[in-house]
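Here is target.txt, consisting of compact mmCIF, C-alpha atoms:
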```
# COMPACT_ATOMS: atom_id res chain seq x y z
CA MET A 279 -23.28 -102.57 11.22
CA ASN A 280 -21.41 -105.55 12.68
CA LEU A 281 -17.85 -105.16 14.00
CA ALA A 282 -15.64 -108.25 14.17
CA VAL A 283 -12.06 -109.51 14.19
CA ARG A 284 -11.27 -112.07 11.51
CA ASP A 285 -8.30 -114.45 11.46
CA ASP A 286 -8.70 -114.86 7.70
CA PRO A 287 -8.03 -111.47 6.04
CA GLN A 288 -9.11 -112.52 2.55
CA GLY A 289 -12.67 -111.23 2.96
CA ALA A 290 -11.38 -107.70 3.60
CA LEU A 291 -8.75 -107.75 0.85
CA PRO A 292 -10.98 -106.66 -2.08
CA LEU A 293 -11.97 -103.45 -0.26
CA MET A 294 -8.37 -102.71 0.70
CA GLU A 295 -7.21 -103.23 -2.88
CA THR A 296 -9.98 -101.01 -4.24
CA VAL A 297 -9.25 -98.17 -1.83
CA LEU A 298 -5.46 -98.40 -1.60
CA ARG A 299 -4.36 -99.83 -4.96
CA ASP A 300 -7.12 -98.78 -7.39
CA GLY A 301 -7.95 -102.47 -7.73
CA GLY A 302 -4.33 -103.61 -7.99
CA SER A 303 -2.64 -106.25 -5.89
CA LEU A 304 -1.90 -105.55 -2.20
CA ALA A 305 -1.43 -108.92 -0.49
CA PRO A 306 2.08 -109.74 -1.84
CA ASP A 307 3.46 -106.58 -0.20
CA TYR A 308 2.48 -107.80 3.28
CA PRO A 309 2.92 -111.58 3.49
CA LEU A 310 2.82 -111.69 7.29
CA VAL A 311 -0.73 -110.31 7.16
CA PHE A 312 -2.17 -111.96 4.07
CA GLU A 313 -0.34 -115.26 3.51
CA GLU A 314 -2.27 -118.31 4.65
CA GLY A 315 -1.16 -119.51 8.07
CA ARG A 316 0.41 -116.21 9.13
CA SER A 317 -0.52 -114.27 12.25
CA GLY A 318 -2.09 -111.22 10.62
CA ARG A 319 -5.77 -110.48 11.21
CA VAL A 320 -8.31 -107.88 10.13
CA VAL A 321 -11.04 -105.90 11.84
CA ILE A 322 -14.13 -105.38 9.71
CA ALA A 323 -17.30 -103.32 9.82
CA GLU A 324 -19.76 -105.46 7.90
CA ASP A 325 -23.22 -104.59 6.63
CA GLY A 326 -25.47 -106.94 4.69
CA GLY A 327 -22.64 -109.42 4.22
CA SER A 328 -20.33 -106.80 2.68
CA VAL A 329 -17.22 -105.30 4.28
CA ARG A 330 -17.65 -101.52 4.43
CA SER A 331 -14.58 -100.56 6.49
CA THR A 332 -11.54 -102.50 7.65
CA CYS A 333 -7.94 -102.49 8.86
CA ALA A 334 -5.16 -105.04 9.25
CA LEU A 335 -3.56 -106.05 12.55
CA LEU A 336 -0.20 -107.63 13.30
CA GLU A 337 1.18 -108.12 16.82
CA ARG A 338 4.95 -107.75 17.20
CA ASP A 339 7.54 -107.79 19.98
CA LEU A 340 10.13 -105.02 19.69
CA ILE A 341 13.56 -105.92 21.07
CA PHE A 342 16.00 -103.22 22.07
CA GLY A 343 19.05 -104.28 24.04
CA GLU A 344 17.91 -106.43 26.95
CA ASP A 345 14.41 -104.96 26.88
CA ARG A 346 11.30 -105.57 24.81
CA ILE A 347 7.75 -104.30 24.41
CA SER A 348 4.73 -105.79 22.64
CA VAL A 349 2.96 -103.57 20.14
CA GLY A 350 0.15 -103.93 17.65
CA LEU A 351 0.74 -102.71 14.10
CA ILE A 352 -2.29 -101.31 12.28
CA GLY A 353 -2.31 -100.90 8.51
CA SER A 354 -4.37 -100.81 5.31
CA VAL A 355 -7.18 -98.78 6.92
CA SER A 356 -9.89 -98.65 4.24
CA THR A 357 -13.52 -97.50 4.00
CA ALA A 358 -15.79 -97.92 0.99
CA GLU A 359 -16.36 -94.60 -0.75
CA ASP A 360 -20.14 -94.62 -0.31
CA PHE A 361 -19.80 -95.26 3.45
CA ARG A 362 -17.32 -92.54 4.37
CA GLY A 363 -18.19 -89.84 6.88
CA ARG A 364 -20.24 -92.21 9.02
CA GLY A 365 -17.61 -92.93 11.68
CA LEU A 366 -16.87 -96.43 10.43
CA ALA A 367 -13.08 -96.00 10.38
CA THR A 368 -13.23 -94.69 13.94
CA ALA A 369 -15.32 -97.66 15.02
CA VAL A 370 -12.94 -100.10 13.29
CA LEU A 371 -9.91 -98.50 14.97
CA ASP A 372 -11.64 -98.51 18.39
CA HIS A 373 -12.32 -102.22 17.95
CA ALA A 374 -8.76 -102.87 16.76
CA GLU A 375 -7.21 -101.03 19.71
CA ALA A 376 -9.44 -102.86 22.20
CA GLU A 377 -8.45 -106.18 20.64
CA LEU A 378 -4.74 -105.33 20.79
CA LEU A 379 -5.00 -104.23 24.44
CA LYS A 380 -6.82 -107.47 25.28
CA ARG A 381 -3.92 -109.40 23.72
CA GLY A 382 -1.31 -107.59 25.82
CA CYS A 383 -0.07 -104.88 23.46
CA PHE A 384 1.55 -101.87 25.10
CA ALA A 385 0.73 -99.52 22.19
CA SER A 386 -0.65 -99.46 18.66
CA LEU A 387 1.58 -98.20 15.84
CA LEU A 388 0.73 -97.13 12.31
CA TRP A 389 2.07 -95.18 9.35
CA ALA A 390 -0.23 -92.63 7.71
CA ASP A 391 -0.08 -90.52 4.57
CA SER A 392 -2.32 -87.98 6.29
CA ALA A 393 -1.83 -87.64 10.04
CA GLU A 394 -4.75 -85.37 10.90
CA PHE A 395 -7.37 -88.11 11.35
CA TYR A 396 -5.08 -90.13 13.62
CA LEU A 397 -3.96 -87.14 15.67
CA GLY A 398 -7.62 -86.60 16.50
CA ARG A 399 -7.79 -90.18 17.72
CA GLY A 400 -4.94 -89.80 20.22
CA TYR A 401 -2.07 -90.91 18.00
CA ARG A 402 1.17 -88.97 18.09
CA GLU A 403 4.57 -89.13 16.50
CA ILE A 404 6.81 -91.43 18.52
CA GLY A 405 10.33 -92.79 18.51
CA SER A 406 13.35 -91.92 16.46
CA GLU A 407 15.27 -92.88 13.33
CA CYS A 408 17.88 -91.38 11.01
CA ASP A 409 16.91 -90.90 7.37
CA PHE A 410 19.84 -90.40 5.01
CA GLY A 411 19.81 -89.04 1.47
CA LEU A 412 22.40 -90.87 -0.64
CA PRO A 413 23.34 -88.80 -3.70
CA HIS A 414 25.03 -90.50 -6.63
CA THR A 415 28.18 -88.49 -5.88
CA LEU A 416 28.57 -90.41 -2.60
CA ALA A 417 29.28 -93.74 -4.32
CA PRO A 418 33.04 -93.22 -5.03
CA PHE A 419 33.65 -92.62 -1.33
CA LEU A 420 32.16 -95.96 -0.30
CA PRO A 421 33.93 -99.35 -0.37
CA LEU A 422 34.04 -101.01 -3.80
CA SER A 423 33.64 -104.78 -3.85
CA GLU A 424 33.35 -107.30 -6.65
CA SER A 425 31.68 -109.67 -4.16
CA VAL A 426 28.38 -107.79 -4.06
CA VAL A 427 25.73 -109.84 -5.88
CA GLU A 428 21.98 -110.29 -5.97
CA ALA A 429 20.73 -112.41 -3.08
CA HIS A 430 19.47 -115.94 -3.75
CA PRO A 431 16.61 -117.51 -1.77
CA SER A 432 19.03 -120.19 -0.56
CA GLN A 433 20.79 -117.43 1.40
CA PHE A 434 17.71 -116.18 3.24
CA ALA A 435 18.51 -118.18 6.39
CA GLU A 436 21.91 -116.49 6.62
CA LEU A 437 20.33 -113.08 6.06
CA HIS A 438 17.98 -113.76 8.95
CA GLU A 439 20.96 -114.56 11.19
CA LEU A 440 22.57 -111.25 10.24
CA TYR A 441 19.30 -109.44 10.95
CA CYS A 442 19.14 -110.99 14.43
CA ASP A 443 22.49 -109.40 15.30
CA HIS A 444 20.79 -105.98 15.45
CA SER A 445 20.27 -104.84 19.03
CA SER A 446 17.04 -103.04 18.02
CA ARG A 447 14.64 -105.04 15.88
CA VAL A 448 11.34 -106.88 15.71
CA ASP A 449 11.48 -110.38 17.20
CA ARG A 450 11.08 -111.98 13.78
CA GLN A 451 11.07 -115.73 13.20
CA TYR A 452 13.15 -117.35 10.46
CA GLU A 453 10.07 -118.30 8.40
CA GLU A 454 8.77 -114.74 8.68
CA SER A 455 12.04 -113.28 7.44
CA CYS A 456 12.05 -115.67 4.47
CA ALA A 457 8.53 -114.59 3.52
CA LEU A 458 9.51 -110.92 3.77
CA TYR A 459 12.73 -111.34 1.77
CA ALA A 460 10.61 -112.77 -1.05
CA THR A 461 8.40 -109.66 -1.25
CA PRO A 462 7.93 -108.67 -4.91
CA GLY A 463 9.31 -105.36 -6.13
CA MET A 464 12.24 -105.53 -3.71
CA GLN A 465 15.93 -105.95 -4.55
CA ILE A 466 18.35 -107.54 -2.07
CA VAL A 467 22.09 -107.38 -2.60
CA VAL A 468 24.62 -109.26 -0.48
CA GLU A 469 28.35 -109.05 0.15
CA LEU A 470 29.87 -112.54 0.02
CA HIS A 471 32.96 -113.85 1.80
CA GLY A 472 33.83 -117.48 1.14
CA GLY A 473 30.52 -117.91 -0.63
CA HIS A 474 28.47 -116.79 2.38
CA PRO A 475 26.69 -113.45 2.98
CA VAL A 476 28.40 -111.21 5.52
CA ALA A 477 26.17 -108.20 4.80
CA TYR A 478 23.02 -107.34 2.90
CA ALA A 479 20.78 -104.40 1.98
CA CYS A 480 17.14 -104.33 0.84
CA TYR A 481 16.02 -101.73 -1.70
CA GLY A 482 12.41 -100.91 -2.57
CA ARG A 483 9.31 -102.70 -1.43
CA GLY A 484 5.92 -102.81 -3.07
CA HIS A 485 4.32 -99.38 -3.33
CA ASP A 486 5.55 -98.04 0.00
CA LEU A 487 9.34 -98.00 -0.06
CA GLN A 488 10.39 -97.35 -3.64
CA GLY A 489 13.76 -95.61 -3.80
CA VAL A 490 14.59 -96.54 -0.19
CA ILE A 491 17.19 -98.85 1.37
CA HIS A 492 15.01 -99.86 4.30
CA GLU A 493 16.76 -102.89 5.83
CA TRP A 494 20.41 -103.87 6.08
CA ALA A 495 22.61 -105.90 8.37
CA GLY A 496 26.05 -107.43 8.74
CA GLU A 497 29.63 -106.16 8.65
CA THR A 498 29.67 -102.39 8.24
CA GLU A 499 32.16 -102.38 5.36
CA GLY A 500 30.06 -104.98 3.59
CA VAL A 501 26.85 -103.00 4.10
CA LEU A 502 28.57 -99.89 2.72
CA ALA A 503 29.68 -101.89 -0.32
CA CYS A 504 26.08 -103.04 -0.83
CA ILE A 505 24.90 -99.44 -0.54
CA ARG A 506 27.46 -98.34 -3.13
CA SER A 507 26.23 -101.02 -5.52
CA LEU A 508 22.63 -99.88 -5.13
CA ILE A 509 23.51 -96.20 -5.54
CA GLU A 510 25.43 -96.92 -8.73
CA GLU A 511 22.67 -99.10 -10.16
CA HIS A 512 19.83 -96.73 -9.37
CA THR A 513 21.22 -93.55 -10.90
CA PRO A 514 18.92 -90.57 -10.17
CA THR A 515 16.99 -89.31 -13.16
CA ARG A 516 17.34 -85.69 -12.10
CA GLU A 517 20.32 -83.78 -10.76
CA GLY A 518 20.20 -83.53 -6.98
CA GLN A 519 17.98 -86.59 -6.56
CA ALA A 520 19.04 -89.24 -4.09
CA ILE A 521 17.94 -92.63 -2.92
CA PHE A 522 17.26 -92.84 0.79
CA LEU A 523 18.37 -95.05 3.64
CA MET A 524 16.50 -95.70 6.88
CA ALA A 525 18.63 -96.34 9.97
CA PRO A 526 18.32 -96.48 13.76
CA ASP A 527 19.34 -93.24 15.44
CA LEU A 528 22.78 -92.68 16.95
CA GLU A 529 21.62 -93.81 20.41
CA SER A 530 21.17 -97.34 19.06
CA GLY A 531 24.92 -97.85 18.77
CA GLU A 532 24.74 -98.91 15.11
CA GLU A 533 28.16 -98.29 13.58
CA LEU A 534 26.72 -97.59 10.13
CA THR A 535 24.65 -94.69 11.47
CA ARG A 536 27.73 -93.21 13.12
CA ARG A 537 29.85 -93.66 9.98
CA LEU A 538 27.32 -91.89 7.77
CA LEU A 539 26.84 -89.05 10.26
CA ASP A 540 30.61 -88.62 10.67
CA ALA A 541 30.92 -88.43 6.88
CA ASP A 542 28.33 -85.61 6.81
CA VAL A 543 25.99 -87.57 4.58
CA PRO A 544 22.76 -85.50 4.35
CA SER A 545 20.38 -86.69 7.03
CA ALA A 546 17.16 -85.88 8.84
CA HIS A 547 16.03 -86.93 12.28
CA GLY A 548 12.79 -88.81 11.62
CA VAL A 549 10.15 -90.49 13.75
CA LEU A 550 9.56 -94.21 14.05
CA ALA A 551 5.78 -94.20 13.58
CA MET A 552 2.56 -92.74 14.86
CA GLY A 553 1.65 -94.42 18.11
CA LYS A 554 -1.10 -94.55 20.71
CA LEU A 555 -0.63 -95.84 24.23
CA LEU A 556 -3.05 -98.66 24.99
CA ASP A 557 -1.89 -99.86 28.42
CA VAL A 558 -1.56 -96.93 30.82
CA GLY A 559 -0.76 -99.26 33.71
CA ALA A 560 2.17 -100.86 31.90
CA ALA A 561 3.51 -97.44 30.89
CA THR A 562 3.21 -96.22 34.48
CA ASP A 563 5.14 -99.24 35.72
CA ARG A 564 7.91 -98.55 33.18
CA VAL A 565 8.26 -94.93 34.24
CA ARG A 566 8.34 -95.89 37.92
CA ALA A 567 10.92 -98.64 37.29
CA ALA A 568 13.12 -96.23 35.32
CA SER A 569 13.26 -93.64 38.12
CA SER A 570 16.43 -93.19 40.15
CA ASP A 571 14.31 -92.64 43.28
CA PRO A 572 11.02 -94.17 44.43
CA LEU A 573 7.89 -92.58 42.98
CA VAL A 574 4.42 -92.63 44.51
CA VAL A 575 1.73 -93.19 41.88
CA ARG A 576 -1.89 -92.06 42.16
CA LEU A 577 -4.43 -93.11 39.55
CA VAL A 578 -6.32 -90.00 38.42
CA SER A 579 -8.45 -91.74 35.78
CA ASP A 580 -8.17 -94.78 33.54
CA GLN A 581 -6.08 -92.63 31.18
CA SER A 582 -4.03 -90.51 33.57
CA VAL A 583 -1.82 -90.83 36.65
CA GLU A 584 0.05 -88.57 39.05
CA PHE A 585 3.66 -89.27 40.01
CA THR A 586 5.08 -87.85 43.24
CA GLY A 587 8.82 -87.74 43.84
CA PRO A 588 11.21 -86.08 46.31
CA ALA A 589 10.69 -82.61 44.79
CA GLY A 590 7.05 -82.58 43.72
CA SER A 591 4.24 -84.10 41.70
CA LEU A 592 3.53 -84.45 37.99
CA ALA A 593 0.24 -85.42 36.35
CA CYS A 594 0.55 -87.41 33.11
CA ASP A 595 -2.10 -88.49 30.64
CA ALA A 596 -1.54 -91.19 28.02
CA SER A 597 0.11 -88.73 25.63
CA ASP A 598 2.48 -87.50 28.36
CA LEU A 599 3.47 -91.06 29.20
CA MET A 600 4.38 -91.67 25.57
CA GLU A 601 6.37 -88.42 25.61
CA LEU A 602 8.39 -89.79 28.53
CA LEU A 603 8.93 -93.24 27.07
CA LEU A 604 9.03 -92.73 23.28
CA PRO A 605 9.40 -89.02 22.48
CA PRO A 606 9.48 -88.07 18.79
CA ARG A 607 13.01 -87.74 17.40
CA GLY A 608 14.42 -88.49 20.86
CA ASP A 609 13.39 -85.04 22.14
CA ARG A 610 14.12 -85.04 25.89
CA THR A 611 12.44 -81.69 26.69
CA PHE A 612 9.47 -83.16 28.56
CA LEU A 613 11.64 -85.85 30.13
CA LYS A 614 14.00 -83.24 31.58
CA ARG A 615 11.07 -81.19 32.89
CA ALA A 616 9.69 -84.30 34.58
CA GLU A 617 13.07 -84.97 36.21
CA ARG A 618 13.23 -81.40 37.57
CA THR A 619 9.63 -81.43 38.78
CA LEU A 620 9.90 -84.80 40.51
CA GLY A 621 13.50 -84.45 41.69
CA VAL A 622 14.58 -87.74 40.11
CA GLU A 623 16.51 -88.95 37.08
CA PHE A 624 15.44 -91.35 34.33
CA PRO A 625 18.79 -92.63 33.04
CA ALA A 626 17.25 -95.47 30.99
CA LEU A 627 14.73 -93.24 29.18
CA PRO A 628 13.72 -92.71 26.51
CA LEU A 629 13.25 -96.22 25.17
CA ASN A 630 14.90 -96.83 21.82
CA PRO A 631 13.10 -99.50 19.73
CA PHE A 632 13.36 -99.65 15.95
CA LEU A 633 11.27 -101.23 13.21
CA TRP A 634 12.95 -101.98 9.87
CA GLY A 635 11.06 -101.24 6.68
CA LEU A 636 10.14 -104.88 6.10
CA ASP A 637 8.24 -104.91 9.39
CA SER A 638 5.77 -102.14 8.49
CA ILE A 639 2.25 -103.00 7.36
```

When written as structure tokens, how does the structure in this file appear?
Amino acid sequence: MNLAVRDDPQGALPLMETVLRDGGSLAPDYPLVFEEGRSGRVVIAEDGGSVRSTCALLERDLIFGEDRISVGLIGSVSTAEDFRGRGLATAVLDHAEAELLKRGCFASLLWADSAEFYLGRGYREIGSECDFGLPHTLAPFLPLSESVVEAHPSQFAELHELYCDHSSRVDRQYEESCALYATPGMQIVVELHGGHPVAYACYGRGHDLQGVIHEWAGETEGVLACIRSLIEEHTPTREGQAIFLMAPDLESGEELTRRLLDADVPSAHGVLAMGKLLDVGAATDRVRAASSDPLVVRLVSDQSVEFTGPAGSLACDASDLMELLLPPRGDRTFLKRAERTLGVEFPALPLNPFLWGLDSI
């Protein structure tokens, strides 16, 4: 069995479509991976000229405030039915993670329908987001505007500019945003002032984000008007149903998140993704730089370190380092214990990146 990274993902696409879409189309949902000339790649396990197992890779820089980290997104993990149970998916993921580390990625991120396999491979829930349920009864309490219309491709450049105003986002190029805004099965509505978009909201995307407002940007009142339009158009088919909205958590400073929480809109504290630390050295440097007092670091193994501060020492493996930097749902329990044990404070932790729905693969 030959393992390889391919810049052209088309050879792996038939297997992905068979496994993930029952033979239906997959590529249009993820243009940054599958469109010609984009930066997406695939890892394949190949036997006799046929792809038996594969996954997609996309490297991204996450911006949050003045900080950023490089991560590798992994998606569309697929193994041919007759070749399952032979460790091929594990081998493909090992190869993918090694490739991402070689290219400077701090961590690998993925989204899984079933977490058990990935938990056994060292992945864990990381990061934080707010997930809101938007019942139809909410619509009358949101701004009503006659200037909310369907977006036109000629407006995509202005939507990208609005997107770039977010303090937490993927460092997305204009051409990438345009490709994503054209994803089939997605509706974009915009609020216009003077003929120009001042806010937008994206609803639905391929097979993954049906019934979800997963990206929005611009003036808060305009975004709320866009949300009202989408709620009213997509009336639930059953009483009590709601469409959903993904948002950065309250720590991000997004006014829309605060407005919805203050209005007691039903919400849940969700996680950003499943993640696995790839670069222990980079994570160690971030923890040390975030400390209020100098820390002495001792390398225990290639996957664990020991920090020593004014009050004591703390051993951390890769999972512990992720718990310090990107705890699930912003849970500071381990972070506070580390502060007490070491006798320091970490005022800049945890980190608070966010990926919008269009950035997932």

Pull the neighbourhood of (-6.3, -91.3, 16.3) for me: all residues within 12 Å in file coordinates, counting only C-alpha atoms, as a PDB file with C-alpha atoms, keeping the file's coordinate frame.
```pdb
ATOM      1  CA  ILE A 352      -2.290-101.310  12.280  1.00  0.00           C
ATOM      2  CA  ALA A 367     -13.080 -96.000  10.380  1.00  0.00           C
ATOM      3  CA  THR A 368     -13.230 -94.690  13.940  1.00  0.00           C
ATOM      4  CA  ALA A 369     -15.320 -97.660  15.020  1.00  0.00           C
ATOM      5  CA  VAL A 370     -12.940-100.100  13.290  1.00  0.00           C
ATOM      6  CA  LEU A 371      -9.910 -98.500  14.970  1.00  0.00           C
ATOM      7  CA  ASP A 372     -11.640 -98.510  18.390  1.00  0.00           C
ATOM      8  CA  ALA A 374      -8.760-102.870  16.760  1.00  0.00           C
ATOM      9  CA  GLU A 375      -7.210-101.030  19.710  1.00  0.00           C
ATOM     10  CA  SER A 386      -0.650 -99.460  18.660  1.00  0.00           C
ATOM     11  CA  LEU A 387       1.580 -98.200  15.840  1.00  0.00           C
ATOM     12  CA  LEU A 388       0.730 -97.130  12.310  1.00  0.00           C
ATOM     13  CA  TRP A 389       2.070 -95.180   9.350  1.00  0.00           C
ATOM     14  CA  ALA A 390      -0.230 -92.630   7.710  1.00  0.00           C
ATOM     15  CA  SER A 392      -2.320 -87.980   6.290  1.00  0.00           C
ATOM     16  CA  ALA A 393      -1.830 -87.640  10.040  1.00  0.00           C
ATOM     17  CA  GLU A 394      -4.750 -85.370  10.900  1.00  0.00           C
ATOM     18  CA  PHE A 395      -7.370 -88.110  11.350  1.00  0.00           C
ATOM     19  CA  TYR A 396      -5.080 -90.130  13.620  1.00  0.00           C
ATOM     20  CA  LEU A 397      -3.960 -87.140  15.670  1.00  0.00           C
ATOM     21  CA  GLY A 398      -7.620 -86.600  16.500  1.00  0.00           C
ATOM     22  CA  ARG A 399      -7.790 -90.180  17.720  1.00  0.00           C
ATOM     23  CA  GLY A 400      -4.940 -89.800  20.220  1.00  0.00           C
ATOM     24  CA  TYR A 401      -2.070 -90.910  18.000  1.00  0.00           C
ATOM     25  CA  ARG A 402       1.170 -88.970  18.090  1.00  0.00           C
ATOM     26  CA  GLU A 403       4.570 -89.130  16.500  1.00  0.00           C
ATOM     27  CA  MET A 552       2.560 -92.740  14.860  1.00  0.00           C
ATOM     28  CA  GLY A 553       1.650 -94.420  18.110  1.00  0.00           C
ATOM     29  CA  LYS A 554      -1.100 -94.550  20.710  1.00  0.00           C
ATOM     30  CA  LEU A 555      -0.630 -95.840  24.230  1.00  0.00           C
ATOM     31  CA  LEU A 556      -3.050 -98.660  24.990  1.00  0.00           C
ATOM     32  CA  SER A 597       0.110 -88.730  25.630  1.00  0.00           C
TER      33      SER A 597
END
```

> In terms of the shortest atom-to-atom distance over all atoms listed in the file, which of A:Glu499, A:Asp285, A:Asp486, A:Asp443 is closest to Val468 (chain A)?
Replying inline: A:Glu499

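For the pair CA of Ser455 (chain A) and CA of Leu528 (chain A), the separation is 25.1 Å.
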
> What is the distance, in Å and to one decimal place, between CA of Leu603 (chain A) and CA of Leu629 (chain A)?
Replying inline: 5.6 Å

Taking all atoms listed in the file into account, produce a table as CSV in which each residue of region 417-450 of chain A with an atom at most 12 Å from an atom of region 320-339 of chain A appears once, together with its shortest atom pair and the distance in Å to one decimal, ordered by chain and rising number.
```
residue,atom,partner,partner_atom,distance
A:Ser446,CA,A:Asp339,CA,10.8
A:Arg447,CA,A:Asp339,CA,8.6
A:Val448,CA,A:Asp339,CA,5.8
A:Asp449,CA,A:Asp339,CA,5.5
A:Arg450,CA,A:Arg338,CA,8.2
```

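Closest approach to Asp595 (chain A) from the set A:Val558, A:Ala626, A:Leu416, A:Val574 is made by A:Val558, with distances taken over all atoms listed in the file.
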
Pick out the residues sitting within 8 Å of Val543 (chain A), and hand them over as a short mmCIF file (atom, residue, chain, number, x, y, z; two decimals) with C-alpha atoms, in the frame of the given file; count only C-alpha atoms, and ignore anything fewer than 2 positions along from it in its own chain.
```cif
data_model
loop_
_atom_site.label_atom_id
_atom_site.label_comp_id
_atom_site.auth_asym_id
_atom_site.auth_seq_id
_atom_site.Cartn_x
_atom_site.Cartn_y
_atom_site.Cartn_z
CA PHE A 410 19.84 -90.40 5.01
CA GLY A 411 19.81 -89.04 1.47
CA LEU A 412 22.40 -90.87 -0.64
CA LEU A 538 27.32 -91.89 7.77
CA LEU A 539 26.84 -89.05 10.26
CA ASP A 540 30.61 -88.62 10.67
CA ALA A 541 30.92 -88.43 6.88
CA SER A 545 20.38 -86.69 7.03
#
```

> Which of these residues is nearest to Glu532 (chain A), using all atoms listed in the file: A:Phe612, A:Trp494, A:Phe361, A:Phe384?
Replying inline: A:Trp494

> Pick the closest to Ala358 (chain A) from A:Pro418, A:Pro292, A:Gly548, A:Gly302: which is it, counting only C-alpha atoms?
Replying inline: A:Pro292

> What lies within 7 Å of His547 (chain A) using all atoms listed in the file, ignoring chain neighbours under 5 positions off, as a VMD selection string?
Replying inline: chain A and resid 407 to 409 607

Would you list the contacts of Gly531 (chain A) as a compact mmCIF listing (two decimals) with C-alpha atoms, in the coordinates of the input, taking every protein, DNA or RNA residue within 10 Å and counting only C-alpha atoms, but skipping same-chain residues closer than 4 positions in sequence?
```txt
# COMPACT_ATOMS: atom_id res chain seq x y z
CA HIS A 444 20.79 -105.98 15.45
CA SER A 445 20.27 -104.84 19.03
CA SER A 446 17.04 -103.04 18.02
CA PRO A 526 18.32 -96.48 13.76
CA ASP A 527 19.34 -93.24 15.44
CA THR A 535 24.65 -94.69 11.47
CA ARG A 536 27.73 -93.21 13.12
```

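Relative to CA of Gly500 (chain A), CA of Ser423 (chain A) is found at 8.3 Å.
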
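By chain and then residue number, the residues within 7 Å of Ala503 (chain A) are Leu420, Pro421, Leu422 and Ser423 of chain A, counting all atoms listed in the file and disregarding those fewer than 5 positions away in sequence.
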
List as a PDB file with C-alpha atoms, in the coordinates of the input the protein and nucleic acid residues near Leu437 (chain A), meaning an atom at most 8 Å away when all atoms listed in the file are counted, but skip any in the same chain fewer than 3 places from it.
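After the write, part-v4.pdb holds the following:
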```
ATOM      1  CA  GLN A 433      20.790-117.430   1.400  1.00  0.00           C
ATOM      2  CA  PHE A 434      17.710-116.180   3.240  1.00  0.00           C
ATOM      3  CA  LEU A 440      22.570-111.250  10.240  1.00  0.00           C
ATOM      4  CA  TYR A 441      19.300-109.440  10.950  1.00  0.00           C
ATOM      5  CA  PRO A 475      26.690-113.450   2.980  1.00  0.00           C
ATOM      6  CA  ALA A 477      26.170-108.200   4.800  1.00  0.00           C
ATOM      7  CA  TYR A 478      23.020-107.340   2.900  1.00  0.00           C
ATOM      8  CA  ALA A 495      22.610-105.900   8.370  1.00  0.00           C
TER       9      ALA A 495
END
```

> When distances are computed from all atoms listed in the file, which of A:Ala546, A:Ser303, A:Ser425, A:Ala385 shows the smallest separation from Ala560 (chain A)?
Replying inline: A:Ala385

Please rebuild region 379-391 of chain A with N, CA and C atoms and return the result as a PDB file, keeping the file's coordinate frame.
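Contents of rebuild-v2.pdb, freshly written:
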```pdb
ATOM      1  N   LEU A 379      -5.189-104.353  22.994  1.00  0.00           N
ATOM      2  CA  LEU A 379      -5.000-104.230  24.440  1.00  0.00           C
ATOM      3  C   LEU A 379      -5.337-105.547  25.122  1.00  0.00           C
ATOM      4  N   LYS A 380      -6.411-106.185  24.703  1.00  0.00           N
ATOM      5  CA  LYS A 380      -6.820-107.470  25.280  1.00  0.00           C
ATOM      6  C   LYS A 380      -5.727-108.516  25.114  1.00  0.00           C
ATOM      7  N   ARG A 381      -4.966-108.411  24.011  1.00  0.00           N
ATOM      8  CA  ARG A 381      -3.920-109.400  23.720  1.00  0.00           C
ATOM      9  C   ARG A 381      -2.557-108.970  24.251  1.00  0.00           C
ATOM     10  N   GLY A 382      -2.524-107.940  25.113  1.00  0.00           N
ATOM     11  CA  GLY A 382      -1.310-107.590  25.820  1.00  0.00           C
ATOM     12  C   GLY A 382      -0.397-106.593  25.138  1.00  0.00           C
ATOM     13  N   CYS A 383      -0.906-105.858  24.163  1.00  0.00           N
ATOM     14  CA  CYS A 383      -0.070-104.880  23.460  1.00  0.00           C
ATOM     15  C   CYS A 383       0.035-103.589  24.259  1.00  0.00           C
ATOM     16  N   PHE A 384       1.243-103.108  24.375  1.00  0.00           N
ATOM     17  CA  PHE A 384       1.550-101.870  25.100  1.00  0.00           C
ATOM     18  C   PHE A 384       1.006-100.657  24.347  1.00  0.00           C
ATOM     19  N   ALA A 385       1.134-100.657  23.012  1.00  0.00           N
ATOM     20  CA  ALA A 385       0.730 -99.520  22.190  1.00  0.00           C
ATOM     21  C   ALA A 385       0.353-100.021  20.805  1.00  0.00           C
ATOM     22  N   SER A 386      -0.386 -99.199  20.074  1.00  0.00           N
ATOM     23  CA  SER A 386      -0.650 -99.460  18.660  1.00  0.00           C
ATOM     24  C   SER A 386       0.174 -98.491  17.831  1.00  0.00           C
ATOM     25  N   LEU A 387       0.719 -98.992  16.724  1.00  0.00           N
ATOM     26  CA  LEU A 387       1.580 -98.200  15.840  1.00  0.00           C
ATOM     27  C   LEU A 387       1.020 -98.263  14.425  1.00  0.00           C
ATOM     28  N   LEU A 388       1.146 -97.152  13.698  1.00  0.00           N
ATOM     29  CA  LEU A 388       0.730 -97.130  12.310  1.00  0.00           C
ATOM     30  C   LEU A 388       1.531 -96.075  11.562  1.00  0.00           C
ATOM     31  N   TRP A 389       1.415 -96.141  10.232  1.00  0.00           N
ATOM     32  CA  TRP A 389       2.070 -95.180   9.350  1.00  0.00           C
ATOM     33  C   TRP A 389       0.985 -94.601   8.455  1.00  0.00           C
ATOM     34  N   ALA A 390       0.891 -93.273   8.390  1.00  0.00           N
ATOM     35  CA  ALA A 390      -0.230 -92.630   7.710  1.00  0.00           C
ATOM     36  C   ALA A 390       0.264 -91.598   6.710  1.00  0.00           C
ATOM     37  N   ASP A 391      -0.373 -91.572   5.539  1.00  0.00           N
ATOM     38  CA  ASP A 391      -0.080 -90.520   4.570  1.00  0.00           C
ATOM     39  C   ASP A 391      -0.598 -89.176   5.053  1.00  0.00           C
TER      40      ASP A 391
END
```
